[in-house]
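Everything below belongs to query_1.cif, which stores mmCIF, C-alpha atoms.
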```
data_run
loop_
_atom_site.label_atom_id
_atom_site.label_comp_id
_atom_site.auth_asym_id
_atom_site.auth_seq_id
_atom_site.Cartn_x
_atom_site.Cartn_y
_atom_site.Cartn_z
CA MET A 751 -45.76 -19.59 -12.79
CA ALA A 752 -45.96 -17.52 -15.93
CA GLY A 753 -49.60 -18.21 -16.45
CA ASP A 754 -50.73 -17.63 -12.87
CA ASN A 755 -53.01 -14.70 -12.42
CA LYS A 756 -53.41 -13.52 -8.86
CA ASN A 757 -54.84 -10.14 -7.97
CA GLY A 758 -54.82 -9.08 -11.60
CA LEU A 759 -51.06 -9.57 -11.99
CA GLN A 760 -49.35 -12.49 -13.67
CA CYS A 761 -46.13 -13.96 -12.30
CA ALA A 762 -44.23 -12.91 -15.46
CA GLU A 763 -45.47 -9.35 -15.00
CA PHE A 764 -44.51 -9.51 -11.34
CA ASP A 765 -40.98 -10.56 -12.36
CA ALA A 766 -40.75 -7.65 -14.78
CA LEU A 767 -41.88 -5.20 -12.11
CA LEU A 768 -39.68 -6.61 -9.37
CA SER A 769 -36.59 -4.49 -10.20
CA ASP A 770 -38.66 -1.33 -10.39
CA ALA A 771 -40.33 -2.21 -7.10
CA LEU A 772 -36.93 -2.57 -5.39
CA ASP A 773 -35.86 0.74 -6.93
CA GLY A 774 -38.98 2.33 -5.42
CA LYS A 775 -40.41 3.28 -8.79
CA LEU A 776 -43.83 1.57 -8.44
CA LYS A 777 -46.72 3.75 -7.35
CA GLY A 778 -50.46 3.72 -6.96
CA LEU A 779 -52.50 0.88 -8.32
CA GLN A 780 -49.49 -0.86 -9.80
CA LEU A 781 -47.77 -1.01 -6.40
CA GLU A 782 -50.97 -2.20 -4.74
CA SER A 783 -51.46 -5.10 -7.16
CA PHE A 784 -47.74 -5.92 -6.91
CA ASP A 785 -47.93 -6.16 -3.11
CA LEU A 786 -51.13 -8.20 -3.24
CA HIS A 787 -49.54 -10.66 -5.65
CA ALA A 788 -46.40 -10.94 -3.52
CA ALA A 789 -48.55 -11.69 -0.46
CA SER A 790 -50.64 -14.35 -2.16
CA CYS A 791 -48.22 -16.11 -4.57
CA ALA A 792 -46.11 -18.90 -3.09
CA VAL A 793 -43.40 -18.42 -5.72
CA CYS A 794 -43.24 -14.65 -6.15
CA GLY A 795 -43.45 -13.80 -2.42
CA PRO A 796 -40.20 -15.58 -1.49
CA LEU A 797 -38.60 -14.29 -4.70
CA LEU A 798 -39.34 -10.71 -3.63
CA SER A 799 -37.95 -11.19 -0.12
CA ASP A 800 -34.83 -12.99 -1.41
CA ALA A 801 -34.21 -10.31 -4.01
CA LYS A 802 -34.56 -7.63 -1.32
CA VAL A 803 -32.06 -9.39 0.92
CA GLY A 804 -29.64 -10.01 -1.95
CA HIS A 805 -29.92 -6.38 -3.00
CA SER A 806 -29.03 -5.21 0.51
CA TRP A 807 -26.08 -7.65 0.68
CA LEU A 808 -24.74 -6.30 -2.59
CA GLN A 809 -25.19 -2.72 -1.44
CA SER A 810 -22.90 -3.49 1.50
CA LEU A 811 -19.97 -4.17 -0.82
CA GLU A 812 -17.74 -1.14 -1.15
CA GLU A 813 -15.57 -0.03 -3.99
CA ILE A 814 -12.07 -1.52 -3.93
CA GLU A 815 -9.03 0.70 -4.18
CA PRO A 816 -6.88 -0.29 -7.16
CA PRO A 817 -3.17 -1.00 -6.55
CA GLY A 818 -1.00 2.11 -6.54
CA ASP A 819 1.17 1.01 -9.46
CA LEU A 820 -1.73 0.02 -11.72
CA VAL A 821 -1.80 3.23 -13.77
CA ARG A 822 1.98 3.17 -14.23
CA ASN A 823 1.90 -0.49 -15.32
CA VAL A 824 -0.94 0.20 -17.75
CA LEU A 825 0.91 3.15 -19.27
CA ILE A 826 4.06 1.08 -19.65
CA ALA A 827 2.08 -1.79 -21.20
CA THR A 828 0.23 0.46 -23.64
CA THR A 829 2.49 3.35 -24.60
CA GLY A 830 5.74 1.57 -23.75
CA LEU A 831 6.94 4.42 -21.58
CA ARG A 832 9.97 3.35 -19.64
CA PRO A 833 9.85 4.46 -16.04
CA SER A 834 12.50 6.86 -14.81
CA TRP A 835 15.24 5.66 -12.47
CA TRP A 836 13.40 7.32 -9.59
CA GLU A 837 10.14 5.47 -10.44
CA ARG A 838 12.00 2.18 -10.65
CA PHE A 839 13.77 2.86 -7.35
CA HIS A 840 10.46 3.89 -5.78
CA ALA A 841 8.72 0.74 -7.02
CA ALA A 842 11.55 -1.54 -5.92
CA PHE A 843 12.29 -0.15 -2.46
CA ILE A 844 10.03 2.61 -1.21
CA THR A 845 6.66 1.17 -2.23
CA PRO A 846 7.18 -2.19 -0.44
CA ILE A 847 8.33 -0.37 2.70
CA THR A 848 5.41 2.06 2.68
CA ASN A 849 2.99 -0.81 2.03
CA LEU A 850 4.45 -2.61 5.02
CA ALA A 851 4.31 0.51 7.17
CA ARG A 852 0.67 1.08 6.24
CA GLN A 853 -0.38 -2.17 7.91
CA PRO A 854 -2.28 -1.41 11.12
CA ARG A 855 0.04 -3.34 13.43
CA PHE A 856 3.10 -1.44 12.18
CA ALA A 857 1.25 1.85 12.23
CA MET A 858 0.39 1.21 15.89
CA SER A 859 4.02 0.39 16.68
CA PHE A 860 5.24 3.56 14.99
CA GLY A 861 2.60 5.55 16.85
CA MET A 862 3.67 4.13 20.19
CA ALA A 863 7.35 4.70 19.40
CA PHE A 864 6.66 8.32 18.48
CA PHE A 865 4.60 8.82 21.62
CA SER A 866 7.33 7.33 23.83
CA LEU A 867 10.00 9.47 22.18
CA SER A 868 7.99 12.66 22.54
CA VAL A 869 7.24 11.91 26.22
CA THR A 870 10.93 11.16 26.90
CA LEU A 871 12.05 14.36 25.20
CA SER A 872 9.50 16.48 27.04
CA ILE A 873 10.58 14.96 30.37
CA ALA A 874 14.21 15.61 29.47
CA GLY A 875 13.34 19.25 28.81
CA VAL A 876 13.98 19.20 25.09
CA LYS A 877 11.70 21.58 23.28
CA PRO A 878 11.07 21.39 19.56
CA GLY A 879 11.78 25.12 19.38
CA ASP A 880 15.37 24.49 20.52
CA LEU A 881 15.97 22.20 17.59
CA ARG A 882 15.47 25.09 15.21
CA HIS A 883 18.57 26.77 16.62
CA LEU A 884 20.71 23.67 16.17
CA ASP A 885 23.46 24.36 13.72
CA LEU A 886 24.38 21.17 11.91
CA ARG A 887 26.98 22.68 9.59
CA PRO A 888 30.36 20.85 9.76
CA SER A 889 32.16 24.01 10.92
CA ALA A 890 29.59 24.59 13.67
CA MET A 891 29.81 20.97 14.80
CA LYS A 892 33.62 21.23 14.92
CA ARG A 893 33.38 24.39 17.00
CA THR A 894 30.95 22.68 19.42
CA TYR A 895 33.39 19.77 19.76
CA TYR A 896 36.31 22.06 20.67
CA GLN A 897 34.20 24.06 23.10
CA THR A 898 33.09 20.87 24.86
CA THR A 899 36.67 19.58 25.05
CA ALA A 900 37.83 22.91 26.51
CA LYS A 901 35.10 22.74 29.15
CA VAL A 902 36.16 19.24 30.21
CA VAL A 903 39.86 20.23 30.43
CA LYS A 904 38.98 23.34 32.41
CA TYR A 905 36.88 21.31 34.83
CA TYR A 906 39.72 18.85 35.34
CA GLU A 907 42.23 21.66 35.96
CA ASN A 908 39.89 23.25 38.49
CA ILE A 909 39.51 19.98 40.36
CA ARG A 910 43.29 19.57 40.40
CA PHE A 911 43.74 23.06 41.80
CA VAL A 912 41.23 22.36 44.58
CA TYR A 913 42.96 19.12 45.58
CA GLU A 914 46.33 20.83 45.59
CA LEU A 915 44.98 23.60 47.78
CA GLU A 916 43.47 21.07 50.17
CA SER A 917 46.72 19.21 50.39
CA ARG A 918 48.67 22.41 51.09
CA VAL A 919 46.25 23.39 53.87
CA ARG A 920 46.55 19.91 55.38
CA GLU A 921 50.34 20.20 55.42
CA PHE A 922 50.15 23.66 56.92
CA LYS A 923 47.88 22.37 59.69
CA ARG A 924 50.17 19.51 60.41
CA ALA A 925 53.11 21.93 60.70
CA THR A 926 51.32 24.39 63.00
CA THR A 927 49.47 21.99 65.39
CA PRO A 928 51.61 20.69 68.36
CA GLU A 929 51.95 16.88 68.51
CA GLN A 930 49.77 15.01 70.98
CA THR A 931 51.53 13.50 73.90
CA GLN A 932 51.44 9.80 74.63
CA GLU A 933 49.29 10.47 77.68
CA GLN A 934 46.61 12.22 75.76
CA LYS A 935 46.55 9.36 73.28
CA ASP A 936 46.08 6.81 76.04
CA LYS A 937 43.25 8.91 77.46
CA ASN A 938 41.53 8.96 74.16
CA GLN A 939 41.95 5.19 73.87
CA LYS A 940 40.21 4.69 77.25
CA ASN A 941 37.28 6.86 76.20
CA ASN A 942 36.78 4.68 73.16
CA THR A 943 34.35 2.05 74.42
CA SER A 944 33.11 0.85 71.09
CA GLY A 945 35.94 -1.61 70.64
CA GLN A 946 36.64 -0.26 67.17
CA PRO A 947 39.84 1.39 66.04
CA ASP A 948 39.98 5.20 66.39
CA GLN A 949 39.90 5.81 62.65
CA LYS A 950 36.79 3.64 62.11
CA GLN A 951 34.94 5.19 65.01
CA GLU A 952 35.54 8.67 63.67
CA ARG A 953 34.31 7.64 60.28
CA ASN A 954 31.08 6.37 61.79
CA TYR A 955 30.49 9.67 63.51
CA SER A 956 31.16 11.66 60.38
CA GLN A 957 28.61 9.53 58.49
CA GLY A 958 25.94 10.36 61.01
CA GLU A 959 26.52 14.07 60.82
CA ASN A 960 26.54 14.25 57.02
CA GLN A 961 29.47 16.61 56.91
CA PRO A 962 30.89 18.19 53.79
CA VAL A 963 34.25 17.08 52.41
CA LEU A 964 36.86 18.38 54.80
CA ALA A 965 40.48 19.13 54.13
CA SER A 966 41.80 17.58 57.31
CA THR A 967 43.63 14.52 58.55
CA PRO A 968 41.49 11.73 60.08
CA GLU A 969 43.16 11.96 63.49
CA LEU A 970 42.60 15.68 64.04
CA PRO A 971 39.41 17.76 64.17
CA PRO A 972 38.83 19.93 61.12
CA VAL A 973 40.26 23.35 61.34
CA VAL A 974 39.80 24.75 57.85
CA THR A 975 36.89 23.82 55.66
CA VAL A 976 37.21 24.37 51.93
CA THR A 977 34.03 23.98 50.01
CA THR A 978 34.06 24.74 46.32
CA TYR A 979 31.08 25.55 44.23
CA ARG A 980 32.12 25.84 40.65
CA ARG A 981 29.85 26.24 37.77
CA PHE A 982 30.41 25.54 34.07
CA SER A 983 30.49 28.61 31.95
CA MET B 721 -19.06 20.61 -20.80
CA GLU B 722 -20.80 17.23 -20.37
CA ASP B 723 -18.96 14.04 -19.51
CA ALA B 724 -19.76 12.50 -22.89
CA GLN B 725 -18.26 15.49 -24.71
CA VAL B 726 -15.19 15.51 -22.50
CA ALA B 727 -14.69 11.81 -23.11
CA ALA B 728 -15.18 12.21 -26.86
CA MET B 729 -12.60 15.00 -26.93
CA LEU B 730 -10.15 12.89 -24.94
CA VAL B 731 -10.61 10.00 -27.36
CA ARG B 732 -10.09 12.28 -30.35
CA ARG B 733 -6.90 13.68 -28.83
CA CYS B 734 -5.73 10.22 -28.00
CA ILE B 735 -6.28 8.97 -31.56
CA ASP B 736 -4.26 11.96 -32.74
CA GLY B 737 -1.36 10.66 -30.68
CA ASP B 738 -1.66 12.76 -27.53
CA ALA B 739 -0.06 10.65 -24.77
CA ALA B 740 -1.37 12.95 -22.04
CA ALA B 741 -4.95 12.32 -23.19
CA TRP B 742 -4.43 8.57 -22.95
CA GLU B 743 -2.97 8.94 -19.49
CA GLU B 744 -6.04 10.94 -18.47
CA ILE B 745 -8.31 8.19 -19.77
CA VAL B 746 -6.32 5.58 -17.83
CA ARG B 747 -6.47 7.64 -14.66
CA LYS B 748 -10.20 8.29 -15.05
CA TYR B 749 -11.37 4.75 -15.75
CA ASN B 750 -8.85 2.46 -14.03
CA ARG B 751 -10.83 2.39 -10.79
CA ARG B 752 -14.08 1.40 -12.48
CA ILE B 753 -12.49 -1.27 -14.66
CA TYR B 754 -10.49 -2.69 -11.77
CA ASN B 755 -13.60 -2.98 -9.62
CA ILE B 756 -15.61 -4.75 -12.32
CA CYS B 757 -12.71 -7.15 -12.89
CA TYR B 758 -12.24 -7.74 -9.17
CA ARG B 759 -15.89 -8.52 -8.52
CA PHE B 760 -16.10 -10.74 -11.56
CA ALA B 761 -12.76 -12.58 -11.31
CA GLY B 762 -12.66 -12.73 -7.51
CA THR B 763 -8.99 -12.05 -6.79
CA ALA B 764 -6.87 -8.90 -6.77
CA ASP B 765 -4.10 -10.45 -8.87
CA ASP B 766 -6.50 -11.55 -11.61
CA ALA B 767 -8.21 -8.17 -11.47
CA GLN B 768 -4.93 -6.34 -11.97
CA ASP B 769 -3.93 -8.52 -14.93
CA LEU B 770 -7.36 -8.23 -16.50
CA THR B 771 -7.44 -4.46 -16.04
CA GLN B 772 -4.17 -4.18 -17.90
CA GLU B 773 -5.52 -6.38 -20.68
CA VAL B 774 -8.64 -4.26 -20.92
CA PHE B 775 -6.58 -1.10 -21.34
CA ILE B 776 -4.36 -2.73 -23.94
CA LYS B 777 -7.47 -3.77 -25.85
CA MET B 778 -8.94 -0.28 -25.50
CA TYR B 779 -5.72 1.32 -26.69
CA ARG B 780 -5.73 -0.82 -29.82
CA THR B 781 -9.42 -0.40 -30.63
CA LEU B 782 -9.97 3.18 -29.51
CA SER B 783 -10.61 4.31 -33.07
CA SER B 784 -13.62 1.98 -33.24
CA TYR B 785 -15.46 3.98 -30.58
CA ASP B 786 -18.42 5.81 -32.07
CA ILE B 787 -19.95 8.54 -29.93
CA GLU B 788 -23.29 8.14 -31.74
CA ARG B 789 -23.66 4.58 -30.49
CA GLY B 790 -23.40 5.39 -26.81
CA ALA B 791 -21.45 6.94 -24.00
CA PHE B 792 -17.75 6.26 -23.67
CA VAL B 793 -18.26 4.69 -20.26
CA THR B 794 -20.69 2.17 -21.82
CA TRP B 795 -18.08 1.35 -24.47
CA VAL B 796 -15.41 0.90 -21.78
CA THR B 797 -17.73 -1.37 -19.80
CA THR B 798 -18.55 -3.38 -22.93
CA VAL B 799 -14.86 -3.93 -23.68
CA THR B 800 -14.30 -4.96 -20.07
CA ARG B 801 -17.24 -7.32 -20.04
CA ASN B 802 -16.23 -8.99 -23.33
CA LEU B 803 -12.73 -9.55 -22.07
CA LEU B 804 -14.01 -10.96 -18.78
CA VAL B 805 -16.29 -13.38 -20.62
CA ASP B 806 -13.37 -14.49 -22.81
CA HIS B 807 -11.23 -14.94 -19.73
CA PHE B 808 -13.99 -16.93 -18.07
CA ARG B 809 -14.30 -19.23 -21.06
CA LYS B 810 -10.56 -19.75 -21.16
CA THR B 811 -10.33 -20.65 -17.52
CA LYS B 812 -13.50 -22.78 -17.79
CA GLN B 813 -14.92 -21.84 -14.44
CA ASP B 814 -18.34 -23.14 -15.21
CA ARG B 815 -20.35 -22.43 -12.11
CA MET B 816 -24.11 -22.62 -12.37
CA THR B 817 -26.29 -21.43 -9.54
CA ASP B 818 -29.38 -22.97 -11.14
CA SER B 819 -28.33 -26.28 -9.64
CA LEU B 820 -27.70 -24.80 -6.24
CA ASP B 821 -28.90 -27.79 -4.26
CA ALA B 822 -27.66 -30.39 -6.67
CA ALA B 823 -24.26 -31.91 -6.21
CA PRO B 824 -21.81 -31.39 -9.07
CA SER B 825 -22.26 -34.02 -11.77
CA GLU B 826 -18.74 -35.41 -11.59
CA HIS B 827 -18.86 -35.71 -7.81
CA GLU B 828 -22.27 -37.03 -6.94
CA ASP B 829 -21.46 -37.37 -3.25
CA ALA B 830 -20.01 -33.90 -2.94
CA MET B 831 -21.70 -31.18 -0.89
CA PRO B 832 -24.04 -28.74 -2.63
CA LEU B 833 -22.71 -25.30 -3.55
CA SER B 834 -24.32 -23.62 -0.59
CA ASP B 835 -22.44 -25.94 1.73
CA ARG B 836 -19.16 -25.22 0.06
CA ILE B 837 -19.17 -21.46 0.60
CA GLU B 838 -16.38 -20.72 2.95
CA ASP B 839 -17.71 -20.03 6.41
CA LYS B 840 -15.65 -17.16 7.79
CA SER B 841 -18.34 -14.95 9.18
CA LYS B 842 -20.84 -14.33 11.91
CA PRO B 843 -24.59 -13.77 11.30
CA PRO B 844 -25.47 -10.53 9.51
CA ASP B 845 -26.04 -7.42 11.50
CA ALA B 846 -28.10 -4.60 10.11
CA SER B 847 -25.85 -1.89 11.48
CA VAL B 848 -22.38 -3.39 11.38
CA GLN B 849 -21.05 -4.94 8.22
CA SER B 850 -17.87 -6.61 9.19
CA ARG B 851 -15.05 -7.35 6.84
CA GLU B 852 -15.73 -11.07 7.11
CA THR B 853 -19.31 -10.52 6.00
CA LYS B 854 -18.16 -8.58 2.96
CA GLU B 855 -15.76 -11.36 2.10
CA ALA B 856 -18.60 -13.85 2.39
CA VAL B 857 -20.77 -11.77 0.05
CA HIS B 858 -17.88 -11.45 -2.37
CA GLY B 859 -17.34 -15.21 -2.16
CA ALA B 860 -21.02 -15.89 -2.80
CA LEU B 861 -20.92 -13.56 -5.79
CA GLN B 862 -18.26 -15.78 -7.34
CA LYS B 863 -20.64 -18.73 -7.03
CA LEU B 864 -23.25 -17.10 -9.25
CA SER B 865 -23.35 -18.02 -12.92
CA PRO B 866 -21.52 -15.48 -15.14
CA ASP B 867 -24.79 -14.21 -16.69
CA LEU B 868 -26.30 -13.37 -13.31
CA ARG B 869 -23.04 -12.15 -11.83
CA GLU B 870 -22.32 -9.59 -14.54
CA ALA B 871 -25.87 -8.30 -14.38
CA VAL B 872 -25.82 -7.69 -10.63
CA ILE B 873 -22.30 -6.26 -10.73
CA LEU B 874 -23.25 -3.70 -13.33
CA ARG B 875 -26.48 -2.78 -11.62
CA ASP B 876 -25.74 -2.95 -7.90
CA LEU B 877 -22.02 -2.26 -7.82
CA GLN B 878 -21.49 -0.02 -10.85
CA ASP B 879 -24.87 1.66 -10.60
CA MET B 880 -25.60 1.49 -14.32
CA ASP B 881 -29.16 1.87 -15.56
CA TYR B 882 -31.03 -1.01 -17.26
CA ARG B 883 -30.72 0.48 -20.73
CA GLU B 884 -26.92 0.78 -20.46
CA ILE B 885 -26.65 -2.73 -19.08
CA ALA B 886 -28.78 -4.02 -21.95
CA LEU B 887 -26.37 -2.31 -24.38
CA VAL B 888 -23.32 -3.81 -22.70
CA LEU B 889 -24.76 -7.33 -22.41
CA LYS B 890 -26.51 -7.12 -25.80
CA VAL B 891 -29.78 -8.49 -24.41
CA PRO B 892 -33.23 -6.90 -24.01
CA GLU B 893 -33.97 -4.79 -20.94
CA GLY B 894 -36.50 -7.34 -19.71
CA THR B 895 -33.83 -10.03 -19.69
CA VAL B 896 -31.50 -7.70 -17.80
CA LYS B 897 -34.12 -7.15 -15.11
CA SER B 898 -34.87 -10.83 -14.87
CA ARG B 899 -31.17 -11.68 -14.51
CA ILE B 900 -30.71 -9.04 -11.84
CA ASN B 901 -33.68 -10.37 -9.86
CA ARG B 902 -32.50 -13.94 -10.10
CA GLY B 903 -28.93 -12.96 -9.28
CA ARG B 904 -29.97 -11.09 -6.14
CA ALA B 905 -32.27 -13.90 -5.03
CA GLU B 906 -29.65 -16.60 -5.61
CA LEU B 907 -27.07 -14.61 -3.69
CA ALA B 908 -29.45 -14.19 -0.76
CA ARG B 909 -30.26 -17.92 -0.72
CA LEU B 910 -26.57 -18.83 -0.79
CA LEU B 911 -25.75 -16.57 2.13
CA GLN B 912 -28.87 -17.38 4.15
CA ARG B 913 -28.24 -21.11 3.90
CA THR B 914 -24.65 -20.64 4.95
CA TYR B 915 -25.63 -18.58 7.96
CA ARG B 916 -28.41 -20.96 8.91
CA GLN B 917 -25.86 -23.78 8.97
CA VAL B 918 -23.50 -21.75 11.09
CA VAL B 919 -26.22 -20.78 13.55
#
```
Can the structure in the file be given as structure tokens, please?
Amino acid sequence: MAGDNKNGLQCAEFDALLSDALDGKLKGLQLESFDLHAASCAVCGPLLSDAKVGHSWLQSLEEIEPPGDLVRNVLIATTGLRPSWWERFHAAFITPITNLARQPRFAMSFGMAFFSLSVTLSIAGVKPGDLRHLDLRPSAMKRTYYQTTAKVVKYYENIRFVYELESRVREFKRATTPEQTQEQKDKNQKNNTSGQPDQKQERNYSQGENQPVLASTPELPPVVTVTTYRRFS
Amino acid sequence: MEDAQVAAMLVRRCIDGDAAAWEEIVRKYNRRIYNICYRFAGTADDAQDLTQEVFIKMYRTLSSYDIERGAFVTWVTTVTRNLLVDHFRKTKQDRMTDSLDAAPSEHEDAMPLSDRIEDKSKPPDASVQSRETKEAVHGALQKLSPDLREAVILRDLQDMDYREIALVLKVPEGTVKSRINRGRAELARLLQRTYRQVV
């Protein structure tokens, strides 16, 4: 190989020029004789193509990122600097967790969880701007607790008052309406062709009409309707 | 101020006992040293241990650095290379790519080296270099003999010029070029044969 002389270039010279050729440094006559030798020599031709391919393979390798704690470890090993409690805590607990969280599958999970949470909050009407006004001081939280309790008690008292009122009205109606005679009752019984008891039949009718809650006895038609619309303050 | 002057000043400060200067040196060169160690040793754990050893050696011999004899980065690379060669000798990973097709002497029936490269990858694609392909190239690099491997690492991965590489390896520039050519060609043959078998 070394002694071969093809196209004015020996194989040893070709080998010496090969790196420069791959770096694109050969020009003119030198490049011409290099190419001619590569085309005609059975040894140097494949060497050139293999070197080109190998060069491109190596170029594809990227630089590797060193581990995050490398510098710290080197400094400890060389200057003997003891890490602070925070650095030790960080290395023992936070670094492993962040390394785990950086893995693509966990990152995707966190992304999806965040997306779901934000969608849920936006549907629920929670705005990030509202959160700014949240007072998380203990005194403020205590005040919110008492206000909420007062609201619940007030609501309960209101409901109680409404039921009491309804009951009084029902009693008043009972006292003022004359009692039905036995004859009228029998007549009503004959008109009932459904075969169901009076009470059940009436309930069926009321379901169909979608009536509001009435303060009346089941046997008698409603006389007074009390509908309450109360709002929390 | 030039890099060489900055480095020389850092070294001088470091020799005078300035801990901050040493930290700056560590921060500046840890990436380069780690990468050389990783490509030469093959694994991240070995690379981390070797990088630490390199810095310990540098810390102890920093006063021996002479700015007249070359750039600080060349000195750092020389220290790294010497330690890697020592490590290689200790671990006795004698892998010669010259006998690529020959079976290892102690196992005459064993497969040649090209057959033993782990097949994890698909054929090469000019546009897309997948992670598996990079791992295959890295694996093939480990199969090269240490002389060829260090030459191609310094040239193609660390982008050093031939003169600097010759200083680090303590061989003539012509030998450096020859080793780089042979290293590239052997790597290509290893990978091509692997892919041919897969296809």
Chain A proximity check over B:Arg747, B:Lys890, B:Arg913, B:Arg801, using only C-alpha atoms: winner is B:Arg747
Counting all atoms listed in the file, a student should be able to say which residues of chain B come within 9 Å of chain A; what is the right answer, written as a PyMOL selection string?
chain B and resi 739+742-743+746-747+750-752+754-755+758+764+768+771-773+775-776+779-780+849+854-855+857-858+861+872-873+876-877+894-895+897-898+900-909+911
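Between atom CA of B:Thr853 and atom CA of B:Arg869 the interatomic distance comes to 18.3 Å.
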Centre and size of axis-aligned box enclosing stretch 909-926 of chain A plus 6 Å each side, as AutoDock Vina command-line options:
```
--center_x 46.3 --center_y 21.8 --center_z 51.7 --size_x 25.6 --size_y 17.3 --size_z 34.6
```
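Counting from atom CA of B:Ala741, the distance to atom CA of B:Arg759 is 27.7 Å.
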Would you kindly return, as a PyMOL selection string, each protein, DNA or RNA residue with an atom no farther than 12 Å from any atom of B:Thr781, considering only C-alpha atoms and excluding same-chain residues fewer than 4 positions away?
(chain A and resi 828) or (chain B and resi 731+734-735+774-777+785-786+795-796+799)
Coordinates-based distance that separates atom CA of B:Asp867 from atom CA of B:Arg899 (Å, one decimal)
7.2 Å
Which residue, A:Gly758, A:Gly830, A:Gly795, A:Gly861, has the smallest gap to A:Leu779 when you use all atoms listed in the file?
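Of the candidates, the smallest distance to A:Leu779 is held by A:Gly758.
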For B:Asp723, find every residue with an atom within 12 Å (counting all atoms listed in the file), except residues of its own chain fewer than 3 positions away, and show them as a list in words.
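Here the answer would be Val726, Ala727, Ala728, Met729, Leu730, Lys748, Ile787, Ala791, Phe792 and Val793 of chain B.
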Selection result of the PyMOL selection byres ((chain B and resi 888) around 9) on this file, as a list in words:
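This file gives the following for the PyMOL selection byres ((chain B and resi 888) around 9): Thr794, Trp795, Thr797, Thr798, Val799, Arg801, Asn802, Arg883, Glu884, Ile885, Ala886, Leu887, Leu889, Lys890 and Val891 of chain B.
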Output of the above residues as a CSV table (one decimal), keeping the file's coordinate frame, restricted to C-alpha atoms:
```
chain,number,residue,atom,x,y,z
B,794,THR,CA,-20.7,2.2,-21.8
B,795,TRP,CA,-18.1,1.4,-24.5
B,797,THR,CA,-17.7,-1.4,-19.8
B,798,THR,CA,-18.6,-3.4,-22.9
B,799,VAL,CA,-14.9,-3.9,-23.7
B,801,ARG,CA,-17.2,-7.3,-20.0
B,802,ASN,CA,-16.2,-9.0,-23.3
B,883,ARG,CA,-30.7,0.5,-20.7
B,884,GLU,CA,-26.9,0.8,-20.5
B,885,ILE,CA,-26.6,-2.7,-19.1
B,886,ALA,CA,-28.8,-4.0,-22.0
B,887,LEU,CA,-26.4,-2.3,-24.4
B,889,LEU,CA,-24.8,-7.3,-22.4
B,890,LYS,CA,-26.5,-7.1,-25.8
B,891,VAL,CA,-29.8,-8.5,-24.4
```
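For B:Cys757, the set of protein, DNA and RNA residues having any atom at most 8 Å away, when counting all atoms listed in the file and skipping those fewer than 6 positions along the same chain, is Asp766, Ala767, Gln768, Leu770, Thr771, Thr800 and Leu804 of chain B.
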